[in-house]
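File shown: run12.cif (mmCIF, C-alpha atoms and all ligand atoms).
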data_upload
#
loop_
_atom_site.label_atom_id
_atom_site.label_comp_id
_atom_site.auth_asym_id
_atom_site.auth_seq_id
_atom_site.Cartn_x
_atom_site.Cartn_y
_atom_site.Cartn_z
CA MET A 926 -29.74 7.78 -7.43
CA LEU A 927 -28.77 7.97 -3.76
CA GLN A 928 -28.28 11.41 -2.35
CA TYR A 929 -25.14 10.42 -0.44
CA GLN A 930 -22.47 8.54 -2.34
CA ARG A 931 -18.78 8.12 -1.72
CA PRO A 932 -16.65 10.80 -3.39
CA THR A 933 -15.42 10.00 -6.90
CA GLY A 934 -12.22 8.00 -6.84
CA THR A 935 -12.66 6.59 -3.32
CA LEU A 936 -13.48 3.06 -2.22
CA ASP A 937 -15.43 1.37 0.54
CA THR A 938 -13.56 -1.73 1.68
CA LEU A 939 -16.36 -4.03 2.78
CA PRO A 940 -15.95 -6.78 5.41
CA GLU A 941 -15.70 -9.51 2.78
CA ASP A 942 -12.59 -7.86 1.31
CA GLN A 943 -10.74 -7.26 4.56
CA HIS A 944 -8.91 -10.59 4.48
CA TYR A 945 -7.03 -9.47 1.36
CA TRP A 946 -5.91 -6.33 3.19
CA ASP A 947 -4.94 -8.20 6.35
CA HIS A 948 -2.96 -10.69 4.32
CA VAL A 949 -1.05 -8.11 2.25
CA ARG A 950 -0.31 -5.91 5.26
CA ALA A 951 0.89 -8.88 7.31
CA ARG A 952 3.18 -10.04 4.47
CA ALA A 953 4.59 -6.55 3.93
CA ARG A 954 5.18 -6.01 7.65
CA HIS A 955 6.87 -9.39 7.96
CA LEU A 956 9.21 -8.71 5.03
CA ALA A 957 10.04 -5.22 6.34
CA GLU A 958 10.87 -6.57 9.77
CA LEU A 959 13.03 -9.34 8.26
CA ALA A 960 15.18 -6.55 6.80
CA GLY A 961 15.29 -4.51 10.01
CA PHE A 962 12.79 -1.82 9.04
CA GLU A 963 11.06 -0.01 11.91
CA ARG A 964 7.59 1.49 11.66
CA ILE A 965 7.08 5.23 11.49
CA ASP A 966 3.72 7.03 11.29
CA VAL A 967 3.58 10.58 10.03
CA PRO A 968 0.58 12.93 9.74
CA VAL A 969 -1.97 12.53 6.99
CA PHE A 970 -1.61 16.24 6.28
CA GLU A 971 1.51 18.41 6.20
CA ALA A 972 2.38 21.97 5.27
CA THR A 973 1.77 22.39 1.54
CA GLU A 974 5.24 23.88 1.22
CA LEU A 975 6.84 20.56 2.26
CA PHE A 976 5.40 18.78 -0.79
CA ALA A 977 5.94 21.75 -3.10
CA ARG A 978 9.64 21.80 -2.25
CA GLY A 979 10.14 18.08 -1.72
CA ILE A 980 8.28 16.65 -4.70
CA GLY A 981 8.78 19.77 -6.82
CA THR A 982 6.54 22.43 -8.33
CA GLY A 983 6.17 21.58 -11.99
CA THR A 984 5.33 17.94 -11.26
CA ASP A 985 1.79 16.75 -11.94
CA VAL A 986 1.50 15.60 -8.32
CA VAL A 987 2.17 19.09 -6.95
CA ASP A 988 0.60 21.20 -9.69
CA LYS A 989 -2.54 19.19 -10.43
CA GLU A 990 -3.16 16.47 -7.90
CA MET A 991 -2.83 17.80 -4.35
CA TYR A 992 -5.75 18.16 -1.97
CA THR A 993 -4.82 21.50 -0.48
CA PHE A 994 -6.83 23.54 2.01
CA THR A 995 -6.50 26.42 4.43
CA ASP A 996 -7.38 25.52 8.01
CA LYS A 997 -9.17 27.79 10.47
CA GLY A 998 -5.82 29.15 11.62
CA GLY A 999 -4.93 30.20 8.08
CA HIS A 1000 -2.32 27.46 7.54
CA GLN A 1001 -1.87 26.06 4.04
CA LEU A 1002 -2.07 22.28 4.40
CA THR A 1003 -2.14 19.35 1.99
CA LEU A 1004 -3.36 15.76 2.38
CA ARG A 1005 -0.22 13.72 1.77
CA PRO A 1006 0.09 12.57 -1.85
CA GLU A 1007 2.92 10.20 -0.79
CA PHE A 1008 5.06 9.37 2.25
CA THR A 1009 8.64 10.18 1.33
CA ALA A 1010 8.56 13.95 1.92
CA GLY A 1011 6.81 13.50 5.29
CA VAL A 1012 9.17 10.73 6.41
CA VAL A 1013 12.23 12.81 5.52
CA ARG A 1014 10.68 15.81 7.32
CA ALA A 1015 10.19 13.61 10.41
CA TYR A 1016 13.75 12.28 10.09
CA ILE A 1017 15.11 15.82 10.20
CA GLU A 1018 12.67 17.26 12.75
CA ASN A 1019 13.19 14.41 15.24
CA GLY A 1020 16.96 14.32 14.77
CA LEU A 1021 16.82 10.68 13.62
CA TYR A 1022 20.08 11.27 11.73
CA VAL A 1023 21.98 10.97 15.03
CA ARG A 1024 20.84 7.34 15.40
CA PRO A 1025 22.94 4.54 13.93
CA GLN A 1026 22.68 4.87 10.14
CA PRO A 1027 21.29 3.74 7.88
CA LEU A 1028 17.83 4.05 9.36
CA LYS A 1029 15.19 1.84 7.82
CA LEU A 1030 11.61 3.06 8.16
CA TYR A 1031 8.32 1.69 6.88
CA SER A 1032 4.77 3.04 6.93
CA PHE A 1033 1.25 2.15 5.86
CA GLY A 1034 -1.56 4.55 5.24
CA PRO A 1035 -3.88 6.51 3.00
CA THR A 1036 -2.50 8.90 0.41
CA PHE A 1037 -4.44 11.36 -1.73
CA ARG A 1038 -4.10 12.53 -5.30
CA TYR A 1039 -6.63 14.26 -7.48
CA ASP A 1040 -6.01 11.69 -10.23
CA ARG A 1041 -8.30 10.80 -13.13
CA PRO A 1042 -10.28 7.89 -11.64
CA GLN A 1043 -10.24 4.59 -13.54
CA ALA A 1044 -9.57 0.94 -12.76
CA GLY A 1045 -6.69 0.87 -10.28
CA ARG A 1046 -6.46 4.66 -10.07
CA TYR A 1047 -8.09 6.33 -7.09
CA ARG A 1048 -8.11 9.67 -5.33
CA GLN A 1049 -7.64 8.05 -1.95
CA PHE A 1050 -5.36 5.04 -2.09
CA THR A 1051 -3.14 3.18 0.35
CA GLN A 1052 0.63 2.90 0.29
CA PHE A 1053 3.07 0.57 1.95
CA ASN A 1054 6.18 2.74 2.00
CA ALA A 1055 9.74 1.82 2.91
CA GLU A 1056 12.82 4.05 3.08
CA ILE A 1057 16.51 3.42 3.83
CA LEU A 1058 17.99 6.73 5.00
CA GLY A 1059 21.69 7.48 5.33
CA GLU A 1060 23.13 4.95 2.90
CA GLN A 1061 24.54 5.31 -0.61
CA ASP A 1062 25.56 1.68 -1.24
CA PRO A 1063 23.65 0.26 -4.24
CA ALA A 1064 23.13 -2.80 -2.02
CA ALA A 1065 20.53 -0.66 -0.21
CA ASP A 1066 18.74 -0.07 -3.53
CA VAL A 1067 18.73 -3.81 -4.10
CA GLU A 1068 17.45 -4.46 -0.61
CA VAL A 1069 14.27 -2.38 -1.08
CA MET A 1070 13.80 -3.82 -4.56
CA ALA A 1071 14.21 -7.41 -3.33
CA MET A 1072 11.74 -6.71 -0.53
CA VAL A 1073 8.93 -5.64 -2.87
CA TRP A 1074 9.82 -8.45 -5.26
CA ASP A 1075 9.40 -10.95 -2.42
CA LEU A 1076 6.10 -9.35 -1.50
CA TYR A 1077 4.70 -9.87 -5.02
CA ASP A 1078 6.27 -13.29 -5.38
CA GLY A 1079 4.78 -14.47 -2.06
CA LEU A 1080 1.37 -13.14 -3.08
CA GLY A 1081 1.37 -15.27 -6.21
CA PHE A 1082 2.38 -12.70 -8.86
CA ARG A 1083 4.10 -14.26 -11.87
CA ASP A 1084 6.48 -13.00 -14.58
CA LEU A 1085 7.88 -10.33 -12.31
CA GLU A 1086 10.27 -7.81 -13.76
CA PHE A 1087 11.53 -4.40 -12.73
CA GLN A 1088 11.54 -1.43 -15.07
CA LEU A 1089 14.88 0.17 -14.30
CA ASN A 1090 16.69 3.36 -15.20
CA SER A 1091 19.05 5.93 -13.72
CA THR A 1092 18.26 9.62 -13.77
CA GLY A 1093 21.73 10.69 -12.72
CA CYS A 1094 22.71 13.29 -10.17
CA PRO A 1095 23.13 17.10 -10.05
CA ARG A 1096 26.57 16.62 -11.61
CA CYS A 1097 25.51 14.78 -14.75
CA ARG A 1098 21.88 15.82 -15.14
CA PRO A 1099 22.49 19.31 -16.61
CA GLY A 1100 24.68 17.78 -19.32
CA TYR A 1101 22.05 15.21 -20.24
CA LEU A 1102 19.25 17.76 -20.19
CA ALA A 1103 21.21 19.95 -22.59
CA VAL A 1104 21.60 17.02 -25.00
CA LEU A 1105 17.92 16.10 -24.62
CA LYS A 1106 16.75 19.66 -25.22
CA ALA A 1107 19.01 20.02 -28.25
CA TYR A 1108 17.52 16.82 -29.68
CA TYR A 1109 13.98 18.03 -28.98
CA ALA A 1110 14.75 21.41 -30.54
CA GLU A 1111 15.31 19.55 -33.81
CA HIS A 1112 11.90 17.87 -33.46
CA ILE A 1113 9.92 20.72 -31.97
CA GLY A 1114 7.33 20.61 -34.79
CA GLU A 1115 6.60 16.94 -34.20
CA ILE A 1116 5.77 16.96 -30.49
CA CYS A 1117 2.58 17.71 -28.55
CA GLU A 1118 1.64 20.96 -26.86
CA ASP A 1119 2.24 19.46 -23.39
CA CYS A 1120 5.76 18.36 -24.25
CA ARG A 1121 6.64 21.84 -25.46
CA ARG A 1122 5.65 23.07 -22.02
CA ARG A 1123 7.44 20.19 -20.28
CA LEU A 1124 10.68 21.14 -22.04
CA GLU A 1125 10.53 24.41 -20.11
CA HIS A 1126 9.94 23.22 -16.54
CA SER A 1127 10.35 19.41 -16.31
CA PRO A 1128 12.20 18.32 -19.45
CA LEU A 1129 12.79 14.69 -18.32
CA ARG A 1130 9.02 14.18 -18.35
CA VAL A 1131 8.91 14.43 -22.17
CA LEU A 1132 10.24 10.85 -22.16
CA ASP A 1133 7.11 9.73 -20.33
CA CYS A 1134 4.60 11.34 -22.72
CA LYS A 1135 1.77 9.07 -23.84
CA ALA A 1136 0.65 11.11 -26.89
CA ASP A 1137 0.87 9.13 -30.15
CA GLN A 1138 2.60 11.90 -32.06
CA CYS A 1139 5.48 12.02 -29.54
CA GLN A 1140 6.31 8.30 -29.68
CA PRO A 1141 8.70 8.36 -32.68
CA VAL A 1142 10.54 11.33 -31.14
CA ILE A 1143 10.87 9.57 -27.78
CA ALA A 1144 12.09 6.40 -29.51
CA GLY A 1145 15.00 8.33 -31.01
CA ALA A 1146 15.82 10.38 -27.90
CA PRO A 1147 19.29 10.16 -26.32
CA HIS A 1148 19.55 7.83 -23.33
CA PHE A 1149 20.44 9.13 -19.87
CA LEU A 1150 22.56 6.02 -19.25
CA ASP A 1151 24.95 7.20 -21.99
CA HIS A 1152 25.44 10.51 -20.18
CA LEU A 1153 25.88 9.49 -16.53
CA CYS A 1154 28.95 10.69 -14.63
CA ASP A 1155 31.47 8.09 -13.44
CA GLU A 1156 29.97 7.84 -9.97
CA CYS A 1157 26.43 7.28 -11.30
CA THR A 1158 27.69 4.80 -13.92
CA GLU A 1159 29.49 2.84 -11.24
CA HIS A 1160 26.46 2.88 -8.94
CA PHE A 1161 24.17 1.69 -11.71
CA GLY A 1162 26.61 -1.02 -12.77
CA ALA A 1163 26.87 -2.38 -9.23
CA LEU A 1164 23.09 -2.28 -8.85
CA ARG A 1165 22.69 -4.37 -12.01
CA GLU A 1166 25.27 -6.86 -10.81
CA TYR A 1167 23.50 -7.24 -7.48
CA LEU A 1168 20.11 -7.68 -9.15
CA ASP A 1169 21.62 -10.37 -11.40
CA LEU A 1170 23.25 -12.00 -8.39
CA LEU A 1171 19.92 -12.25 -6.57
CA ASP A 1172 18.09 -13.24 -9.74
CA ARG A 1173 15.63 -10.34 -9.69
CA ARG A 1174 14.81 -9.71 -13.35
CA TYR A 1175 14.76 -6.20 -14.81
CA THR A 1176 14.44 -4.41 -18.12
CA ILE A 1177 16.38 -1.24 -18.72
CA ASN A 1178 13.73 1.32 -19.61
CA HIS A 1179 15.28 4.50 -20.96
CA ARG A 1180 11.89 6.22 -20.78
CA LEU A 1181 11.36 5.58 -17.07
CA VAL A 1182 11.73 8.98 -15.38
CA ARG A 1183 9.06 8.94 -12.59
CA GLY A 1184 6.78 11.79 -11.62
CA LEU A 1185 8.54 13.18 -8.55
CA ASP A 1186 11.48 15.55 -8.80
CA TYR A 1187 13.57 14.29 -5.89
CA TYR A 1188 14.99 11.22 -7.62
CA THR A 1189 18.70 10.81 -8.26
CA LYS A 1190 20.43 7.76 -9.72
CA THR A 1191 18.19 4.67 -9.45
CA VAL A 1192 14.53 4.76 -10.50
CA PHE A 1193 12.37 1.66 -10.80
CA GLU A 1194 8.82 0.40 -11.06
CA VAL A 1195 7.05 -2.95 -11.27
CA TRP A 1196 4.18 -3.15 -13.71
CA ALA A 1197 1.46 -5.75 -13.55
CA ALA A 1198 -1.12 -6.98 -16.01
CA GLY A 1199 -4.78 -6.96 -15.04
CA ILE A 1200 -5.08 -3.36 -13.91
CA GLY A 1201 -4.88 -1.43 -17.15
CA ALA A 1202 -1.93 -0.74 -19.42
CA GLN A 1203 1.36 0.06 -17.71
CA ALA A 1204 -0.12 0.41 -14.24
CA ALA A 1205 2.68 0.31 -11.69
CA VAL A 1206 2.14 -1.74 -8.56
CA CYS A 1207 5.12 0.00 -7.01
CA GLY A 1208 7.56 2.77 -7.72
CA GLY A 1209 10.69 3.96 -6.07
CA GLY A 1210 14.25 5.03 -6.34
CA ARG A 1211 17.10 6.92 -4.81
CA TYR A 1212 16.78 10.51 -3.59
CA ASP A 1213 20.19 11.55 -2.30
CA GLY A 1214 19.40 15.28 -2.28
CA LEU A 1215 15.97 15.42 -0.62
CA ALA A 1216 17.06 15.82 3.00
CA GLU A 1217 19.17 18.85 2.05
CA ILE A 1218 16.33 20.34 -0.01
CA LEU A 1219 14.29 20.15 3.22
CA ASP A 1220 17.08 21.88 5.19
CA GLY A 1221 18.45 18.67 6.72
CA PRO A 1222 21.94 17.17 6.66
CA PRO A 1223 23.21 15.47 3.49
CA THR A 1224 21.51 12.06 3.56
CA PRO A 1225 21.71 9.59 0.70
CA ALA A 1226 18.53 7.54 0.68
CA VAL A 1227 16.47 5.08 -1.31
CA GLY A 1228 12.91 3.83 -0.99
CA VAL A 1229 9.80 2.41 -2.52
CA ALA A 1230 6.03 2.71 -2.24
CA VAL A 1231 3.58 -0.03 -3.08
CA GLY A 1232 -0.05 0.74 -3.99
CA LEU A 1233 -2.12 -1.75 -1.99
CA GLU A 1234 -5.40 -1.36 -3.93
CA ARG A 1235 -3.59 -2.28 -7.13
CA ILE A 1236 -2.01 -5.34 -5.53
CA ILE A 1237 -5.40 -6.55 -4.36
CA LEU A 1238 -6.88 -6.03 -7.83
CA VAL A 1239 -4.13 -8.23 -9.26
CA MET A 1240 -4.63 -10.85 -6.53
CA LYS A 1241 -8.32 -11.04 -7.38
CA ASP A 1242 -7.49 -11.23 -11.07
CA LEU A 1243 -5.10 -14.12 -10.38
CA ASP A 1244 -7.60 -15.82 -8.04
CA VAL A 1245 -5.03 -15.87 -5.26
CA ASP A 1246 -6.28 -17.90 -2.31
CA VAL A 1247 -6.29 -15.88 0.90
CA PRO A 1248 -7.35 -17.31 4.27
CA PRO A 1249 -10.76 -15.83 5.18
CA THR A 1250 -11.17 -13.64 8.24
CA PRO A 1251 -12.42 -15.96 10.98
CA THR A 1252 -15.98 -15.46 12.29
CA PRO A 1253 -17.44 -16.87 15.54
CA SER A 1254 -18.19 -20.58 15.48
CA VAL A 1255 -20.56 -20.54 18.47
CA PHE A 1256 -24.13 -19.22 18.58
CA LEU A 1257 -26.00 -18.67 21.84
CA ALA A 1258 -29.74 -19.31 21.54
CA HIS A 1259 -32.10 -18.84 24.47
CA LEU A 1260 -35.75 -19.22 25.42
CA GLY A 1261 -37.12 -16.98 28.16
CA PRO A 1262 -35.63 -14.10 30.18
CA GLN A 1263 -33.90 -16.34 32.74
CA ALA A 1264 -32.02 -18.17 29.98
CA LYS A 1265 -31.09 -14.87 28.34
CA TRP A 1266 -29.43 -13.70 31.56
CA GLU A 1267 -27.53 -16.94 31.82
CA GLU A 1268 -26.41 -16.62 28.21
CA LEU A 1269 -25.25 -13.04 28.63
CA ARG A 1270 -23.09 -14.30 31.48
CA LEU A 1271 -21.91 -17.16 29.29
CA MET A 1272 -21.13 -14.75 26.42
CA ASP A 1273 -19.01 -12.70 28.80
CA ALA A 1274 -17.15 -15.78 30.07
CA LEU A 1275 -16.51 -16.97 26.49
CA ARG A 1276 -15.06 -13.58 25.58
CA GLN A 1277 -12.75 -13.73 28.62
CA ALA A 1278 -11.64 -17.21 27.51
CA GLY A 1279 -11.01 -15.97 23.97
CA VAL A 1280 -13.85 -17.96 22.37
CA ALA A 1281 -15.72 -16.00 19.69
CA ALA A 1282 -19.50 -16.27 19.87
CA TRP A 1283 -22.68 -14.68 18.56
CA ILE A 1284 -25.61 -14.14 20.89
CA ALA A 1285 -29.22 -14.05 19.70
CA PHE A 1286 -30.79 -10.63 20.18
CA GLY A 1287 -34.48 -10.06 20.90
CA GLU A 1288 -37.09 -12.50 22.14
CA ARG A 1289 -37.69 -15.03 19.39
CA GLY A 1290 -38.74 -18.59 18.89
CA LEU A 1291 -36.05 -21.28 18.74
CA ARG A 1292 -36.66 -21.95 15.07
CA SER A 1293 -35.79 -18.33 14.13
CA GLN A 1294 -32.67 -18.41 16.28
CA LEU A 1295 -31.50 -21.69 14.72
CA ARG A 1296 -32.07 -20.23 11.28
CA GLU A 1297 -29.78 -17.34 12.18
CA ALA A 1298 -27.15 -19.74 13.58
CA ASP A 1299 -27.29 -21.65 10.32
CA LYS A 1300 -26.89 -18.49 8.21
CA ARG A 1301 -23.91 -17.45 10.28
CA GLY A 1302 -22.29 -20.79 9.54
CA VAL A 1303 -21.41 -21.64 13.16
CA ARG A 1304 -20.26 -25.07 14.29
CA TYR A 1305 -22.05 -25.15 17.67
CA THR A 1306 -25.34 -23.68 18.83
CA ILE A 1307 -25.91 -23.52 22.58
CA ILE A 1308 -29.57 -23.81 23.51
CA LEU A 1309 -30.76 -22.72 26.92
CA GLY A 1310 -34.41 -22.92 28.03
CA GLU A 1311 -36.28 -23.53 31.26
CA ASP A 1312 -35.65 -27.30 31.15
CA GLU A 1313 -31.92 -26.85 30.65
CA LEU A 1314 -31.71 -24.29 33.45
CA ALA A 1315 -33.54 -26.62 35.83
CA ALA A 1316 -31.11 -29.44 34.99
CA GLY A 1317 -28.00 -27.19 35.08
CA LEU A 1318 -27.21 -28.30 31.53
CA ALA A 1319 -26.96 -26.63 28.14
CA THR A 1320 -28.00 -28.34 24.96
CA VAL A 1321 -25.15 -28.13 22.48
CA ARG A 1322 -26.10 -28.74 18.89
CA ASP A 1323 -23.29 -29.70 16.52
CA MET A 1324 -24.55 -28.01 13.37
CA LYS A 1325 -22.30 -30.05 11.10
CA ALA A 1326 -23.06 -33.48 12.50
CA GLY A 1327 -26.68 -32.58 13.30
CA GLU A 1328 -26.30 -34.10 16.79
CA GLN A 1329 -27.10 -32.73 20.23
CA VAL A 1330 -25.46 -33.36 23.61
CA GLY A 1331 -26.00 -32.00 27.10
CA VAL A 1332 -23.03 -30.21 28.67
CA LYS A 1333 -22.95 -29.05 32.31
CA LEU A 1334 -23.24 -25.27 32.45
CA GLY A 1335 -20.14 -25.06 34.64
CA ASP A 1336 -18.08 -27.01 32.07
CA LEU A 1337 -19.35 -25.27 28.95
CA VAL A 1338 -16.60 -22.66 28.51
CA GLU A 1339 -13.84 -25.28 28.77
CA TRP A 1340 -15.82 -27.69 26.56
CA LEU A 1341 -16.13 -25.09 23.80
CA LYS A 1342 -12.59 -23.82 24.23
CA ALA A 1343 -11.27 -27.30 23.61
CA ARG A 1344 -13.27 -27.62 20.39
CA VAL A 1345 -13.21 -24.30 18.51
P1 LIG A 1401 4.65 6.73 -6.85
O1 LIG A 1401 5.14 5.95 -8.04
O2 LIG A 1401 4.11 8.06 -7.11
O3 LIG A 1401 5.86 6.81 -5.85
O4 LIG A 1401 3.56 5.88 -6.08
C1 LIG A 1401 3.84 4.58 -5.63
C2 LIG A 1401 2.71 3.62 -5.94
O5 LIG A 1401 1.49 4.12 -5.42
C3 LIG A 1401 2.41 3.42 -7.42
O6 LIG A 1401 3.29 2.48 -8.00
C4 LIG A 1401 1.02 2.88 -7.38
O7 LIG A 1401 1.02 1.49 -7.07
C5 LIG A 1401 0.43 3.63 -6.21
N1 LIG A 1401 -0.38 4.74 -6.71
C6 LIG A 1401 0.03 5.96 -7.11
N2 LIG A 1401 -1.02 6.71 -7.50
C7 LIG A 1401 -2.12 5.95 -7.35
C8 LIG A 1401 -3.51 6.14 -7.55
N3 LIG A 1401 -4.01 7.30 -8.00
N4 LIG A 1401 -4.37 5.12 -7.28
C9 LIG A 1401 -3.89 3.95 -6.82
N5 LIG A 1401 -2.60 3.70 -6.58
C10 LIG A 1401 -1.72 4.68 -6.85
C11 LIG A 1401 5.81 7.42 -4.62
O8 LIG A 1401 4.80 7.72 -4.05
C12 LIG A 1401 7.16 7.57 -3.96
N6 LIG A 1401 6.98 8.29 -2.69
C13 LIG A 1401 7.81 6.21 -3.75
C14 LIG A 1401 9.14 6.29 -3.07
C15 LIG A 1401 9.39 6.01 -1.77
N7 LIG A 1401 10.27 6.69 -3.62
C16 LIG A 1401 11.22 6.67 -2.69
N8 LIG A 1401 10.71 6.26 -1.57
#

Encoding of this model in structure tokens:
Amino acid sequence: MLQYQRPTGTLDTLPEDQHYWDHVRARARHLAELAGFERIDVPVFEATELFARGIGTGTDVVDKEMYTFTDKGGHQLTLRPEFTAGVVRAYIENGLYVRPQPLKLYSFGPTFRYDRPQAGRYRQFTQFNAEILGEQDPAADVEVMAMVWDLYDGLGFRDLEFQLNSTGCPRCRPGYLAVLKAYYAEHIGEICEDCRRRLEHSPLRVLDCKADQCQPVIAGAPHFLDHLCDECTEHFGALREYLDLLDRRYTINHRLVRGLDYYTKTVFEVWAAGIGAQAAVCGGGRYDGLAEILDGPPTPAVGVAVGLERIILVMKDLDVDVPPTPTPSVFLAHLGPQAKWEELRLMDALRQAGVAAWIAFGERGLRSQLREADKRGVRYTIILGEDELAAGLATVRDMKAGEQVGVKLGDLVEWLKARV
């Protein structure tokens, strides 16, 4: 066993996997920009209090999963478990609410949760996050949903479908919670220990319980959709119409409640096969009250976050073809110190001209250098020795055709530029 290993629940992304990441990030950025999203970067750590208030004490994320520490100045800080609270903090702190609304903001970056590690579940993972701030129109909800749909669709995911629900607003939620609690009171002997606790501090979460014994109780539980106020009913109805209009399939999932307290009205996820049961590749929803909770102006908003590691797992599972990251197609081999100098100059000139090239390090025989060129899979190997220098020519070996030609040293950069 090695003494130094990566921490449990973290990943090394090796060079051979980077093309998946480049591809997904490029697609996501393209789709965000098509919809007018602008990039925002926020700190990797924030005051712990921001997440405690924004996401809510009582949630698993805040109570069990945060990486919290005290810095040398005595400040309580937390590695961000998600983007939304930080983005809304930045929106308020930088006065972005005075800009033309709605404001559309996207981000990429690492997020941290002390989760139970398993396939597709990590302690450091990467989110693509998108928020529309300052808009209550359900068309905004559809816009973020359509954007992630298009991301998955373009990456080759099949049988896409949203899990969709509404969790109401401060007007209708107390009424529903009263009905839910009354129902659970009748079944209190049948539910798990955790759910008894959840009923106290985050009652909606009982609907999300995975314990076998709770399943029959959940199946019979009252539905939030039957208890929405008129405004929430209308919003949800319009959202469904828009999703139908744009042909983005969804299933109403009365049990979908999400693990963050800021949600109001719309909540949704996309689940994908291949990464364990019910693993969400994205989650999002509306959070009309969050800006005010964080002492900002009333700001209706909706957003989504996509877990990039999970997407890449699915892409691998589906054998999605991704263009490989290009590597240099020129190798510079040399014999003798004079030739090495010339090749260092050539390497520099090729870089300036934008031609990618490897140079042989060390003093080695030609055979060893050609073996390296072959392993690196280059198209052309440039060979410079005393004879070539004397003639002012380089020998260029076409590794594919197995042929060699002489090219004037002064013409070599242009010659290669035209061919690679
Ligand atoms: P979330 O559902 O907690 O939502 O996380 C979003 C996505 O991050 C998940 O669907 C999943 O793909 C990925 N994810 C979460 N935890 C892990 C993990 N331990 N390992 C790997 N991937 C994970 C949010 O974070 C909200 N801030 C989304 C949002 C934005 N709502 C409104 N705006």

Give one line per residue of chain A that approaches ligand LIG 1401 (chain A) to at most 6 Å, naming the two atoms of the closest pair and their distance in Å to one decimal, counting all atoms listed in the file; sort by chain then ascending residue number and deliver it as a tab-separated table.
residue	atom	partner	partner_atom	distance
A:Glu1007	CA	A:LIG1401	O8	4.5
A:Phe1008	CA	A:LIG1401	N6	5.4
A:Thr1009	CA	A:LIG1401	N6	4.7
A:Arg1038	CA	A:LIG1401	N3	5.9
A:Asp1040	CA	A:LIG1401	N3	5.3
A:Gly1045	CA	A:LIG1401	C9	5.4
A:Arg1046	CA	A:LIG1401	N4	3.5
A:Tyr1047	CA	A:LIG1401	N4	3.9
A:Arg1048	CA	A:LIG1401	N3	5.4
A:Phe1050	CA	A:LIG1401	C9	5.1
A:Gln1052	CA	A:LIG1401	O5	5.9
A:Asn1054	CA	A:LIG1401	C15	5.9
A:Glu1056	CA	A:LIG1401	N8	5.6
A:Ala1205	CA	A:LIG1401	O6	4.3
A:Val1206	CA	A:LIG1401	O7	3.7
A:Cys1207	CA	A:LIG1401	O6	3.2
A:Gly1208	CA	A:LIG1401	O1	4.0
A:Gly1209	CA	A:LIG1401	N7	3.7
A:Gly1210	CA	A:LIG1401	C16	5.0
A:Val1227	CA	A:LIG1401	C16	5.7
A:Gly1228	CA	A:LIG1401	N8	3.3
A:Val1229	CA	A:LIG1401	C15	3.7
A:Ala1230	CA	A:LIG1401	C13	4.2
A:Val1231	CA	A:LIG1401	C2	4.7
A:Gly1232	CA	A:LIG1401	O7	3.3
A:Arg1235	CA	A:LIG1401	O7	6.0

Calculated over all atoms listed in the file, which of the candidates A:Ala1258, A:Cys1139, A:Leu1058, A:Leu956 has the smallest distance to Val1012 in chain A?
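Using all atoms listed in the file, Val1012 in chain A sits closest to A:Leu1058.
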
Selection: 12 Å around Ala953 in chain A, all atoms listed in the file, excl. self and same-chain fewer than 4 positions, as JSON, numbers by chain
{"A": [946, 947, 948, 949, 957, 958, 959, 960, 962, 964, 1031, 1032, 1033, 1052, 1053, 1054, 1055, 1069, 1072, 1073, 1074, 1075, 1076, 1077, 1078, 1079, 1080, 1230, 1231, 1232, 1233, 1236]}

Could you tell me how far CA of Asp1186 in chain A sits from CA of Met991 in chain A, in Å to one decimal place?
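Between CA of Met991 in chain A and CA of Asp1186 in chain A the gap is 15.2 Å.
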
Interatomic distance (Å, one decimal) between CA of Leu1153 in chain A and CA of Glu1068 in chain A
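Between CA of Leu1153 in chain A and CA of Glu1068 in chain A the gap is 22.8 Å.
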
Using all atoms listed in the file, find the one residue out of A:Glu990, A:Asp996, A:Asp1084, A:Glu1060 that sits nearest to Arg1041 in chain A.
A:Glu990

Compare A:His1000, A:His1259, A:Arg1270, A:Arg1122 by their minimum atom-to-atom distance to Ala1298 in chain A, counting all atoms listed in the file, and give me the closest one.
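Smallest separation from Ala1298 in chain A among the options: A:His1259.
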
So how many Å separate CA of Tyr1101 in chain A and CA of His1152 in chain A, to one decimal?
5.8 Å

Can you list, as an mmCIF file with C-alpha atoms, in the frame of the given file, every protein, DNA or RNA residue that comes within 9 Å of Tyr992 in chain A when you count all atoms listed in the file, leaving out same-chain residues fewer than 4 positions away?
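Everything below was put into selection04.cif:
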data_model
loop_
_atom_site.group_PDB
_atom_site.id
_atom_site.type_symbol
_atom_site.label_atom_id
_atom_site.label_comp_id
_atom_site.auth_asym_id
_atom_site.auth_seq_id
_atom_site.Cartn_x
_atom_site.Cartn_y
_atom_site.Cartn_z
ATOM 1 C CA LEU A 1002 -2.070 22.280 4.400
ATOM 2 C CA THR A 1003 -2.140 19.350 1.990
ATOM 3 C CA LEU A 1004 -3.360 15.760 2.380
ATOM 4 C CA ARG A 1005 -0.220 13.720 1.770
ATOM 5 C CA PRO A 1006 0.090 12.570 -1.850
ATOM 6 C CA PHE A 1037 -4.440 11.360 -1.730
ATOM 7 C CA ARG A 1038 -4.100 12.530 -5.300
ATOM 8 C CA TYR A 1039 -6.630 14.260 -7.480
#

Which residue gives the smallest distance to Lys1241 in chain A among A:Glu1217, A:Arg1304, A:Ala1198, A:Cys1094, with only C-alpha atoms counted?
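Among A:Glu1217, A:Arg1304, A:Ala1198, A:Cys1094, it is A:Ala1198 that comes nearest to Lys1241 in chain A.
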